[in-house]
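Colleague: Below is the file model39.cif, with mmCIF, C-alpha atoms.
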data_work
#
loop_
_atom_site.label_atom_id
_atom_site.label_comp_id
_atom_site.auth_asym_id
_atom_site.auth_seq_id
_atom_site.Cartn_x
_atom_site.Cartn_y
_atom_site.Cartn_z
CA MET A 491 -72.31 1.87 -44.51
CA THR A 492 -75.58 2.68 -46.24
CA PRO A 493 -76.80 6.28 -45.89
CA SER A 494 -79.40 5.31 -43.32
CA GLU A 495 -76.83 3.33 -41.35
CA ARG A 496 -74.64 6.39 -41.43
CA LEU A 497 -77.48 8.48 -39.99
CA ASP A 498 -77.98 5.82 -37.32
CA ALA A 499 -74.31 6.01 -36.41
CA THR A 500 -74.52 9.80 -36.23
CA PHE A 501 -77.54 9.80 -33.94
CA ALA A 502 -76.14 6.99 -31.78
CA ALA A 503 -72.90 8.96 -31.40
CA LEU A 504 -74.85 12.10 -30.49
CA ALA A 505 -76.99 10.27 -27.93
CA ASP A 506 -74.27 10.54 -25.27
CA PRO A 507 -73.75 13.79 -23.31
CA THR A 508 -69.97 13.34 -23.03
CA ARG A 509 -69.68 12.88 -26.78
CA ARG A 510 -71.81 15.96 -27.40
CA ALA A 511 -69.56 17.92 -25.04
CA ILE A 512 -66.48 16.66 -26.89
CA LEU A 513 -67.99 17.78 -30.19
CA ALA A 514 -68.84 21.16 -28.70
CA ARG A 515 -65.20 21.52 -27.61
CA LEU A 516 -63.93 20.46 -31.05
CA ALA A 517 -66.29 22.91 -32.73
CA GLU A 518 -64.06 25.61 -31.21
CA GLY A 519 -60.93 24.09 -32.68
CA GLU A 520 -58.80 20.95 -32.84
CA ALA A 521 -57.65 19.24 -29.65
CA THR A 522 -55.60 16.23 -28.61
CA VAL A 523 -56.90 13.38 -26.45
CA ALA A 524 -55.06 14.84 -23.45
CA GLU A 525 -56.60 18.25 -24.03
CA LEU A 526 -60.02 16.72 -24.45
CA THR A 527 -59.65 14.72 -21.23
CA LEU A 528 -58.92 17.80 -19.10
CA PRO A 529 -62.46 19.21 -18.68
CA PHE A 530 -63.98 15.80 -17.94
CA ALA A 531 -63.91 13.76 -14.75
CA MET A 532 -62.92 10.77 -16.81
CA SER A 533 -59.82 8.76 -17.61
CA GLN A 534 -58.02 9.19 -20.89
CA PRO A 535 -58.95 5.63 -22.01
CA ALA A 536 -62.63 6.41 -21.34
CA ILE A 537 -62.37 9.56 -23.45
CA SER A 538 -60.52 7.59 -26.15
CA LYS A 539 -63.43 5.18 -26.26
CA HIS A 540 -65.86 8.03 -26.89
CA LEU A 541 -63.52 9.40 -29.55
CA LYS A 542 -63.57 6.04 -31.32
CA VAL A 543 -67.37 6.09 -31.46
CA LEU A 544 -67.28 9.64 -32.85
CA GLU A 545 -64.63 8.68 -35.36
CA ARG A 546 -66.54 5.60 -36.54
CA ALA A 547 -69.60 7.81 -37.07
CA GLY A 548 -67.41 10.09 -39.17
CA LEU A 549 -68.02 13.02 -36.84
CA ILE A 550 -64.35 13.59 -36.09
CA ILE A 551 -61.05 12.77 -37.75
CA THR A 552 -57.54 12.35 -36.42
CA THR A 553 -54.95 14.54 -38.07
CA GLU A 554 -51.18 14.25 -37.93
CA SER A 555 -49.31 17.34 -36.86
CA GLY A 556 -45.76 16.44 -35.96
CA GLN A 557 -45.84 14.66 -32.61
CA ARG A 558 -49.42 15.75 -31.91
CA ARG A 559 -52.40 13.85 -33.19
CA PRO A 560 -55.23 16.33 -32.73
CA ARG A 561 -58.85 15.51 -33.44
CA THR A 562 -60.91 17.80 -35.62
CA ILE A 563 -64.65 17.94 -36.14
CA GLU A 564 -66.20 16.81 -39.42
CA ALA A 565 -69.17 18.97 -40.31
CA ALA A 566 -70.82 16.94 -43.09
CA PRO A 567 -72.52 14.14 -41.09
CA LEU A 568 -73.83 16.64 -38.57
CA ALA A 569 -75.21 18.81 -41.32
CA GLU A 570 -76.86 15.75 -42.88
CA ALA A 571 -78.44 14.73 -39.58
CA ASN A 572 -79.64 18.28 -39.03
CA ALA A 573 -81.12 18.51 -42.50
CA TRP A 574 -83.01 15.29 -41.97
CA LEU A 575 -84.72 16.60 -38.84
CA GLU A 576 -84.89 20.19 -40.02
CA HIS A 577 -87.16 19.39 -42.94
CA TYR A 578 -89.46 17.45 -40.65
CA ARG A 579 -89.43 20.39 -38.25
CA GLN A 580 -90.40 22.74 -41.04
CA LEU A 581 -93.40 20.59 -41.88
CA TRP A 582 -94.67 21.01 -38.32
CA GLU A 583 -93.67 24.63 -38.17
CA ARG A 584 -95.73 25.34 -41.27
CA ARG A 585 -98.75 23.89 -39.52
CA TYR A 586 -98.09 25.55 -36.19
CA SER A 587 -97.57 28.88 -37.83
CA ALA A 588 -101.05 28.48 -39.36
CA LEU A 589 -102.29 27.50 -35.90
CA ASP A 590 -100.75 30.69 -34.45
CA ASP A 591 -102.78 32.70 -36.94
CA LEU A 592 -105.93 30.74 -36.14
CA LEU A 593 -105.45 31.27 -32.39
CA VAL A 594 -105.02 35.01 -32.93
CA GLN A 595 -108.25 35.09 -34.92
CA LEU A 596 -110.10 33.08 -32.29
CA GLN A 597 -108.94 35.49 -29.59
CA THR A 598 -109.64 38.72 -31.43
CA ASN A 599 -112.43 37.74 -33.83
CA THR A 600 -110.74 39.72 -36.54
CA PRO A 601 -110.97 38.54 -40.14
CA PRO A 602 -108.10 36.36 -41.34
CA LYS A 603 -105.00 38.17 -42.41
CA SER A 604 -102.45 36.38 -44.51
CA LYS A 605 -99.35 37.98 -43.13
CA ARG A 606 -97.14 34.93 -43.33
CA LYS A 607 -95.97 33.40 -46.52
CA ARG A 608 -94.49 29.98 -45.98
CA HIS A 609 -92.64 27.69 -48.30
CA MET B 489 -94.28 39.94 -35.43
CA THR B 490 -94.61 37.70 -32.43
CA THR B 491 -93.11 38.94 -29.20
CA ALA B 492 -90.39 37.00 -27.46
CA ILE B 493 -91.66 33.80 -25.91
CA LEU B 494 -89.79 30.56 -25.61
CA ASN B 495 -90.50 27.85 -28.18
CA THR B 496 -92.25 29.92 -30.81
CA ALA B 497 -90.52 27.71 -33.35
CA ALA B 498 -91.24 24.00 -33.23
CA ASN B 499 -88.53 22.09 -31.39
CA VAL B 500 -88.09 18.55 -32.72
CA SER B 501 -86.00 15.88 -31.02
CA LEU B 502 -85.54 12.12 -30.97
CA PRO B 503 -85.85 10.91 -27.37
CA SER B 504 -85.37 7.26 -28.35
CA ASP B 505 -84.94 5.04 -31.41
CA THR B 506 -88.66 4.82 -32.02
CA GLU B 507 -89.88 8.23 -30.89
CA VAL B 508 -90.13 11.77 -32.12
CA ARG B 509 -90.91 14.64 -29.79
CA VAL B 510 -92.24 18.00 -30.89
CA LEU B 511 -92.49 20.99 -28.54
CA ARG B 512 -94.15 24.27 -29.40
CA ASP B 513 -95.46 27.27 -27.45
CA PHE B 514 -98.62 29.14 -28.38
CA LYS B 515 -99.70 32.52 -27.12
CA ALA B 516 -103.20 31.39 -26.21
CA PRO B 517 -105.01 29.69 -23.34
CA ARG B 518 -104.83 25.92 -23.50
CA THR B 519 -108.60 25.53 -23.81
CA LEU B 520 -108.30 27.29 -27.14
CA VAL B 521 -105.30 25.21 -28.24
CA TRP B 522 -107.23 22.12 -27.17
CA ASP B 523 -110.25 23.22 -29.23
CA ALA B 524 -108.00 23.79 -32.23
CA HIS B 525 -106.86 20.16 -31.89
CA THR B 526 -110.25 18.58 -31.31
CA LYS B 527 -112.86 20.51 -33.30
CA PRO B 528 -112.77 19.39 -36.94
CA GLU B 529 -113.78 22.80 -38.32
CA LEU B 530 -110.73 24.28 -36.53
CA VAL B 531 -108.34 21.38 -37.16
CA ARG B 532 -108.71 21.64 -40.93
CA ARG B 533 -107.68 25.30 -40.81
CA TRP B 534 -104.15 24.54 -39.65
CA MET B 535 -103.42 20.82 -40.10
CA LEU B 536 -101.98 21.53 -43.50
CA GLY B 537 -100.91 18.93 -46.03
CA PRO B 538 -98.18 19.61 -48.54
CA PRO B 539 -98.51 22.92 -50.41
CA GLY B 540 -101.25 22.60 -53.03
CA TRP B 541 -103.20 19.99 -51.07
CA SER B 542 -106.55 20.52 -49.38
CA MET B 543 -108.16 18.59 -46.55
CA PRO B 544 -111.52 17.29 -47.78
CA VAL B 545 -112.00 14.79 -44.95
CA CYS B 546 -111.62 15.73 -41.29
CA ASP B 547 -113.92 13.60 -39.15
CA MET B 548 -113.21 13.37 -35.44
CA ASP B 549 -115.13 11.83 -32.60
CA VAL B 550 -113.00 12.96 -29.69
CA ARG B 551 -113.73 10.61 -26.79
CA PRO B 552 -112.05 7.43 -25.57
CA GLY B 553 -112.62 4.81 -28.28
CA GLY B 554 -113.84 7.47 -30.73
CA LYS B 555 -112.52 7.33 -34.29
CA TYR B 556 -111.03 9.95 -36.54
CA ARG B 557 -110.12 10.19 -40.19
CA TRP B 558 -108.09 12.82 -42.00
CA ARG B 559 -107.46 12.94 -45.73
CA TRP B 560 -105.61 15.34 -47.95
CA ARG B 561 -106.12 15.71 -51.68
CA SER B 562 -103.88 17.18 -54.33
CA ASP B 563 -105.63 20.07 -56.08
CA GLU B 564 -103.57 19.31 -59.14
CA ASN B 565 -104.10 15.60 -59.75
CA GLY B 566 -106.60 14.39 -57.16
CA ALA B 567 -104.12 12.09 -55.42
CA GLU B 568 -105.03 11.37 -51.81
CA PHE B 569 -103.49 10.14 -48.58
CA GLY B 570 -104.32 10.48 -44.94
CA PHE B 571 -104.37 9.12 -41.43
CA PHE B 572 -107.02 7.40 -39.39
CA GLY B 573 -107.27 5.86 -35.97
CA GLU B 574 -108.88 6.20 -32.60
CA PHE B 575 -108.61 8.18 -29.41
CA ARG B 576 -107.48 6.09 -26.49
CA GLU B 577 -107.40 8.67 -23.72
CA VAL B 578 -109.08 12.05 -23.69
CA ASP B 579 -108.59 14.35 -20.72
CA ALA B 580 -109.69 17.83 -21.82
CA PRO B 581 -107.96 20.25 -21.99
CA ALA B 582 -104.75 18.66 -20.70
CA ARG B 583 -103.94 15.47 -22.52
CA MET B 584 -104.92 12.99 -25.16
CA VAL B 585 -103.55 9.78 -26.56
CA HIS B 586 -104.42 8.55 -30.00
CA ALA B 587 -103.42 5.71 -32.27
CA GLU B 588 -102.58 6.71 -35.81
CA HIS B 589 -102.56 4.55 -38.92
CA TYR B 590 -101.21 5.85 -42.18
CA ASP B 591 -103.74 5.68 -44.98
CA PRO B 592 -101.82 5.54 -48.28
CA GLY B 593 -104.95 6.48 -50.25
CA THR B 594 -103.93 6.60 -53.89
CA MET B 595 -100.22 6.68 -53.03
CA THR B 596 -97.89 3.72 -53.03
CA PRO B 597 -97.22 2.72 -49.45
CA ASP B 598 -93.55 2.41 -48.81
CA MET B 599 -93.71 1.44 -45.19
CA ASP B 600 -95.32 -1.11 -42.97
CA THR B 601 -98.65 0.43 -42.03
CA SER B 602 -100.01 -2.45 -39.97
CA ALA B 603 -98.98 -1.12 -36.56
CA PRO B 604 -100.18 2.35 -35.58
CA ALA B 605 -98.08 5.12 -34.12
CA ILE B 606 -99.14 6.03 -30.59
CA ILE B 607 -99.27 9.77 -30.10
CA HIS B 608 -99.34 11.45 -26.70
CA THR B 609 -100.32 15.11 -26.79
CA THR B 610 -100.12 17.27 -23.69
CA PHE B 611 -101.24 20.86 -23.28
CA SER B 612 -99.89 22.87 -20.36
CA GLU B 613 -100.46 26.55 -19.70
CA GLN B 614 -98.36 29.09 -17.88
CA ASN B 615 -98.78 32.88 -17.93
CA GLY B 616 -101.14 32.69 -20.87
CA VAL B 617 -98.73 30.63 -22.94
CA THR B 618 -99.68 27.07 -23.83
CA THR B 619 -96.92 24.54 -24.34
CA LEU B 620 -97.84 21.71 -26.61
CA GLU B 621 -95.87 18.50 -26.40
CA LEU B 622 -96.30 15.78 -28.95
CA VAL B 623 -94.58 12.45 -28.41
CA MET B 624 -95.03 10.05 -31.30
CA LYS B 625 -94.04 6.47 -30.68
CA PHE B 626 -93.66 4.36 -33.78
CA ALA B 627 -93.77 0.57 -33.99
CA SER B 628 -90.14 0.39 -35.12
CA LYS B 629 -87.15 2.55 -35.82
CA GLU B 630 -87.56 1.97 -39.57
CA ILE B 631 -91.12 3.26 -39.52
CA ARG B 632 -90.10 6.27 -37.47
CA ASP B 633 -87.27 7.09 -39.84
CA THR B 634 -89.55 6.76 -42.84
CA ALA B 635 -92.12 9.02 -41.20
CA VAL B 636 -89.47 11.66 -40.52
CA ALA B 637 -88.00 11.30 -44.01
CA THR B 638 -91.47 11.83 -45.42
CA GLY B 639 -91.50 15.27 -43.87
CA MET B 640 -88.25 15.86 -45.65
CA THR B 641 -89.85 15.60 -49.09
CA ASP B 642 -92.32 18.27 -47.90
CA GLY B 643 -94.66 17.10 -50.56
CA MET B 644 -95.94 13.61 -50.37
CA GLU B 645 -96.77 13.82 -54.08
CA MET B 646 -93.19 12.67 -54.46
CA GLY B 647 -94.14 9.46 -52.74
CA TYR B 648 -92.81 8.00 -49.59
CA LYS B 649 -89.14 7.79 -50.35
CA ARG B 650 -86.85 5.69 -48.31
CA LEU B 651 -84.04 7.37 -46.53
CA ASP B 652 -81.65 5.22 -48.54
CA THR B 653 -82.77 6.60 -51.85
CA LEU B 654 -82.89 10.13 -50.49
CA PHE B 655 -79.23 10.02 -49.75
CA ALA B 656 -78.26 7.62 -52.53
CA ASP B 657 -76.60 10.36 -54.59
CA GLU B 658 -74.14 11.17 -51.87
CA HIS B 659 -73.36 7.56 -51.21
CA ALA B 660 -70.66 6.64 -53.67
CA GLY B 661 -70.45 2.98 -52.61
#
Written as structure tokens, how would this file's structure read?
Modeller:
Amino acid sequence: MTPSERLDATFAALADPTRRAILARLAEGEATVAELTLPFAMSQPAISKHLKVLERAGLIITTESGQRRPRTIEAAPLAEANAWLEHYRQLWERRYSALDDLLVQLQTNTPPKSKRKRH
Amino acid sequence: MTTAILNTAANVSLPSDTEVRVLRDFKAPRTLVWDAHTKPELVRRWMLGPPGWSMPVCDMDVRPGGKYRWRWRSDENGAEFGFFGEFREVDAPARMVHAEHYDPGTMTPDMDTSAPAIIHTTFSEQNGVTTLELVMKFASKEIRDTAVATGMTDGMEMGYKRLDTLFADEHAG
């Protein structure tokens, strides 16, 4: 997978509410398929299907622990996806923070104050 | 210090493969937020380029079919880039739709700039707080991803890098 394909896989995996809920559960600690099936009104095969998508996207891994095969969350792809959007968000936030200041000035007619330092 | 209101930090999401959505609250009446988006002398005070860039061109004829042109210039080396396009719908102070073309200026374009992005901006006000919603629809997923990745460089002086090269270091084959 190229890096952009990997990002695609991450976002595609995150596009489903059940998969996001599974990740939220795994963020609290490892869990087996049976444990992950419990909170959902879904069959175990349906949950397994979602787990496969998450695993292909590299968002979770299956570990061996005796008889149990719990899934654990993989933080790196999520962090990468977040970083990608986060930098874009910061670009807008830099502008909107300047707009906040402008709106304050327009409403109070006070001279500009440069209280915020952005980077 | 701003007091506690909801989205005082920009909220960015990807509603579909080709869209980006930005939500942000402002503690001001929407007529004022509208003015800040439609009056060139106000727009240039907040529509910042990368750090160290100024906005020498900000022409806007805000009416259906009216054109606009924005350009930023590097104080350091005079490099320029910008956006231009036209307003398709203007419904003050609630909503506007505009088409946006990337203008590579003196930069090397690294994306298909033939099809514009269509940007829907809505302004809604409640209890003195204006919520701004920006939905940008790009012609393709690739163009959207490039546009988002561009924000990542936070300095277009670096050029419009592809996502692939941005992450190339981490990708060990």
Colleague: Tell me which protein, DNA and RNA residues are within 7 Å of B:Glu574, counting all atoms listed in the file, leaving out same-chain ones fewer than 4 positions away, and put them as a CSV table (one decimal) with C-alpha atoms, in the coordinates of the input.
Modeller:
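Contents of selection-v2.csv, as written:
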chain,number,residue,atom,x,y,z
B,553,GLY,CA,-112.6,4.8,-28.3
B,554,GLY,CA,-113.8,7.5,-30.7
B,555,LYS,CA,-112.5,7.3,-34.3
B,556,TYR,CA,-111.0,10.0,-36.5
B,586,HIS,CA,-104.4,8.6,-30.0
B,587,ALA,CA,-103.4,5.7,-32.3
Colleague: So how many Å separate atom CA of B:Gly573 and atom CA of B:His589, to one decimal?
Modeller: 5.7 Å
Colleague: Write out as a list in words each polymer residue whose atoms come within 6 Å of stretch 527-540 of chain B, counting only C-alpha atoms; drop sequence neighbours fewer than 2 positions from it.
Modeller: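 Listing them by chain and then by number gives Arg585, Ala588 and Leu589 of chain A; Asp523, Ala524, His525, Cys546, Asp563 and Gly643 of chain B.
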Colleague: Please list, as a PyMOL selection string, the residues that have an atom at most 8 Å away from (-107.3, 4.8, -46.3) in the coordinates of this file, counting all atoms listed in the file.
Modeller: chain B and resi 569-572+590-593
Colleague: Take the PyMOL selection byres ((chain A) within 7 of (chain B)), apply it to the structure above, and return the hits as a list in words.
Modeller: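 Residues picked by the PyMOL selection byres ((chain A) within 7 of (chain B)): Thr492, Pro493, Ser494, Trp574, His577, Tyr578, Arg579, Leu581, Trp582, Glu583, Arg585, Ala588, Leu589, Asp590 and Leu593 of chain A.
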Colleague: Could you pull the residues within 10 Å of A:Ala503, counting all atoms listed in the file, minus those fewer than 2 positions along the same chain, as a PyMOL selection string?
Modeller: chain A and resi 497-501+505-510+540-549
Colleague: Excluding A:Thr522 and its own-chain neighbours fewer than 3 positions away, which residues fall within 7 Å of it when counting all atoms listed in the file? Please give them as JSON, numbers by chain.
Modeller: {"A": [525, 526, 559, 560, 561]}
Colleague: Just the selected residues (C-alpha atoms), exported as a PDB file, in the frame of the given file, please.
Modeller:
ATOM      1  CA  GLU A 525     -56.600  18.250 -24.030  1.00  0.00           C
ATOM      2  CA  LEU A 526     -60.020  16.720 -24.450  1.00  0.00           C
ATOM      3  CA  ARG A 559     -52.400  13.850 -33.190  1.00  0.00           C
ATOM      4  CA  PRO A 560     -55.230  16.330 -32.730  1.00  0.00           C
ATOM      5  CA  ARG A 561     -58.850  15.510 -33.440  1.00  0.00           C
TER       6      ARG A 561
END
Colleague: How many Å separate atom CA of B:Gly616 from atom CA of B:Arg509?
Modeller: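 Distance reported for this atom pair: 22.6 Å.
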Colleague: Tell me which residues the PyMOL selection byres ((chain A and resi 537) around 10) grabs here, as a PyMOL selection string.
Modeller: chain A and resi 508-509+512+523-524+526-528+530-536+538-542
Colleague: If you measure from atom CA of A:Ala571 to atom CA of A:Ala517, what distance in Å do you get, rounded to one decimal?
Modeller: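 Computing it gives 16.2 Å between the two atoms.
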Colleague: Pull out every residue that the PyMOL selection byres ((chain B and resi 567) around 10) matches in the shown coordinates and put them as a short mmCIF file (atom, residue, chain, number, x, y, z; two decimals) with C-alpha atoms, keeping the file's coordinate frame.
Modeller:
data_model
loop_
_atom_site.label_atom_id
_atom_site.label_comp_id
_atom_site.auth_asym_id
_atom_site.auth_seq_id
_atom_site.Cartn_x
_atom_site.Cartn_y
_atom_site.Cartn_z
CA TRP B 541 -103.20 19.99 -51.07
CA TRP B 560 -105.61 15.34 -47.95
CA ARG B 561 -106.12 15.71 -51.68
CA SER B 562 -103.88 17.18 -54.33
CA ASP B 563 -105.63 20.07 -56.08
CA GLU B 564 -103.57 19.31 -59.14
CA ASN B 565 -104.10 15.60 -59.75
CA GLY B 566 -106.60 14.39 -57.16
CA GLU B 568 -105.03 11.37 -51.81
CA PHE B 569 -103.49 10.14 -48.58
CA PRO B 592 -101.82 5.54 -48.28
CA GLY B 593 -104.95 6.48 -50.25
CA THR B 594 -103.93 6.60 -53.89
CA MET B 595 -100.22 6.68 -53.03
CA MET B 644 -95.94 13.61 -50.37
CA GLU B 645 -96.77 13.82 -54.08
#
Colleague: Mind listing whatever residues come within 10 Å of the point (-100.6, 19.2, -22.8)? Use all atoms listed in the file, file coordinates, and give them as a count of residues only.
Modeller: 20
Colleague: Got a minute to add N, CA and C atoms to stretch 516-546 of chain A and dump it as a tab-separated table (two decimals), keeping the file's coordinate frame?
Modeller:
chain	number	residue	atom	x	y	z
A	516	LEU	N	-64.63	20.51	-29.76
A	516	LEU	CA	-63.93	20.46	-31.05
A	516	LEU	C	-64.48	21.48	-32.05
A	517	ALA	N	-65.72	21.90	-31.84
A	517	ALA	CA	-66.29	22.91	-32.73
A	517	ALA	C	-65.52	24.23	-32.58
A	518	GLU	N	-64.85	24.39	-31.43
A	518	GLU	CA	-64.06	25.61	-31.21
A	518	GLU	C	-62.66	25.51	-31.78
A	519	GLY	N	-62.26	24.28	-32.11
A	519	GLY	CA	-60.93	24.09	-32.68
A	519	GLY	C	-60.39	22.72	-32.32
A	520	GLU	N	-59.36	22.28	-33.05
A	520	GLU	CA	-58.80	20.95	-32.84
A	520	GLU	C	-58.26	20.78	-31.42
A	521	ALA	N	-58.19	19.52	-30.98
A	521	ALA	CA	-57.65	19.24	-29.65
A	521	ALA	C	-57.15	17.80	-29.60
A	522	THR	N	-56.13	17.58	-28.77
A	522	THR	CA	-55.60	16.23	-28.61
A	522	THR	C	-56.42	15.49	-27.54
A	523	VAL	N	-56.18	14.18	-27.45
A	523	VAL	CA	-56.90	13.38	-26.45
A	523	VAL	C	-56.65	13.95	-25.05
A	524	ALA	N	-55.39	14.30	-24.78
A	524	ALA	CA	-55.06	14.84	-23.45
A	524	ALA	C	-55.83	16.13	-23.19
A	525	GLU	N	-55.88	16.99	-24.19
A	525	GLU	CA	-56.60	18.25	-24.03
A	525	GLU	C	-58.10	18.02	-23.85
A	526	LEU	N	-58.59	17.01	-24.54
A	526	LEU	CA	-60.02	16.72	-24.45
A	526	LEU	C	-60.38	16.08	-23.11
A	527	THR	N	-59.40	15.40	-22.50
A	527	THR	CA	-59.65	14.72	-21.23
A	527	THR	C	-59.76	15.72	-20.08
A	528	LEU	N	-58.98	16.82	-20.18
A	528	LEU	CA	-58.92	17.80	-19.10
A	528	LEU	C	-60.26	18.23	-18.49
A	529	PRO	N	-61.23	18.69	-19.31
A	529	PRO	CA	-62.46	19.21	-18.68
A	529	PRO	C	-63.37	18.12	-18.12
A	530	PHE	N	-63.07	16.85	-18.37
A	530	PHE	CA	-63.98	15.80	-17.94
A	530	PHE	C	-63.42	15.02	-16.75
A	531	ALA	N	-64.31	14.59	-15.88
A	531	ALA	CA	-63.91	13.76	-14.75
A	531	ALA	C	-63.86	12.31	-15.24
A	532	MET	N	-62.98	12.08	-16.19
A	532	MET	CA	-62.92	10.77	-16.81
A	532	MET	C	-61.48	10.44	-17.16
A	533	SER	N	-61.18	9.16	-17.24
A	533	SER	CA	-59.82	8.76	-17.61
A	533	SER	C	-59.61	8.97	-19.10
A	534	GLN	N	-58.34	9.03	-19.47
A	534	GLN	CA	-58.02	9.19	-20.89
A	534	GLN	C	-58.53	8.00	-21.73
A	535	PRO	N	-58.39	6.74	-21.24
A	535	PRO	CA	-58.95	5.63	-22.01
A	535	PRO	C	-60.46	5.75	-22.22
A	536	ALA	N	-61.18	6.26	-21.20
A	536	ALA	CA	-62.63	6.41	-21.34
A	536	ALA	C	-62.94	7.44	-22.42
A	537	ILE	N	-62.17	8.54	-22.42
A	537	ILE	CA	-62.37	9.56	-23.45
A	537	ILE	C	-62.01	8.99	-24.83
A	538	SER	N	-60.92	8.20	-24.88
A	538	SER	CA	-60.52	7.59	-26.15
A	538	SER	C	-61.62	6.71	-26.72
A	539	LYS	N	-62.33	6.04	-25.84
A	539	LYS	CA	-63.43	5.18	-26.26
A	539	LYS	C	-64.53	6.01	-26.94
A	540	HIS	N	-64.85	7.13	-26.30
A	540	HIS	CA	-65.86	8.03	-26.89
A	540	HIS	C	-65.37	8.57	-28.23
A	541	LEU	N	-64.07	8.86	-28.29
A	541	LEU	CA	-63.52	9.40	-29.55
A	541	LEU	C	-63.63	8.37	-30.67
A	542	LYS	N	-63.45	7.10	-30.31
A	542	LYS	CA	-63.57	6.04	-31.32
A	542	LYS	C	-64.98	5.99	-31.89
A	543	VAL	N	-65.97	6.10	-31.00
A	543	VAL	CA	-67.37	6.09	-31.46
A	543	VAL	C	-67.61	7.27	-32.41
A	544	LEU	N	-67.10	8.44	-32.02
A	544	LEU	CA	-67.28	9.64	-32.85
A	544	LEU	C	-66.57	9.49	-34.19
A	545	GLU	N	-65.40	8.85	-34.14
A	545	GLU	CA	-64.63	8.68	-35.36
A	545	GLU	C	-65.31	7.69	-36.31
A	546	ARG	N	-65.82	6.59	-35.73
A	546	ARG	CA	-66.54	5.60	-36.54
A	546	ARG	C	-67.75	6.23	-37.21
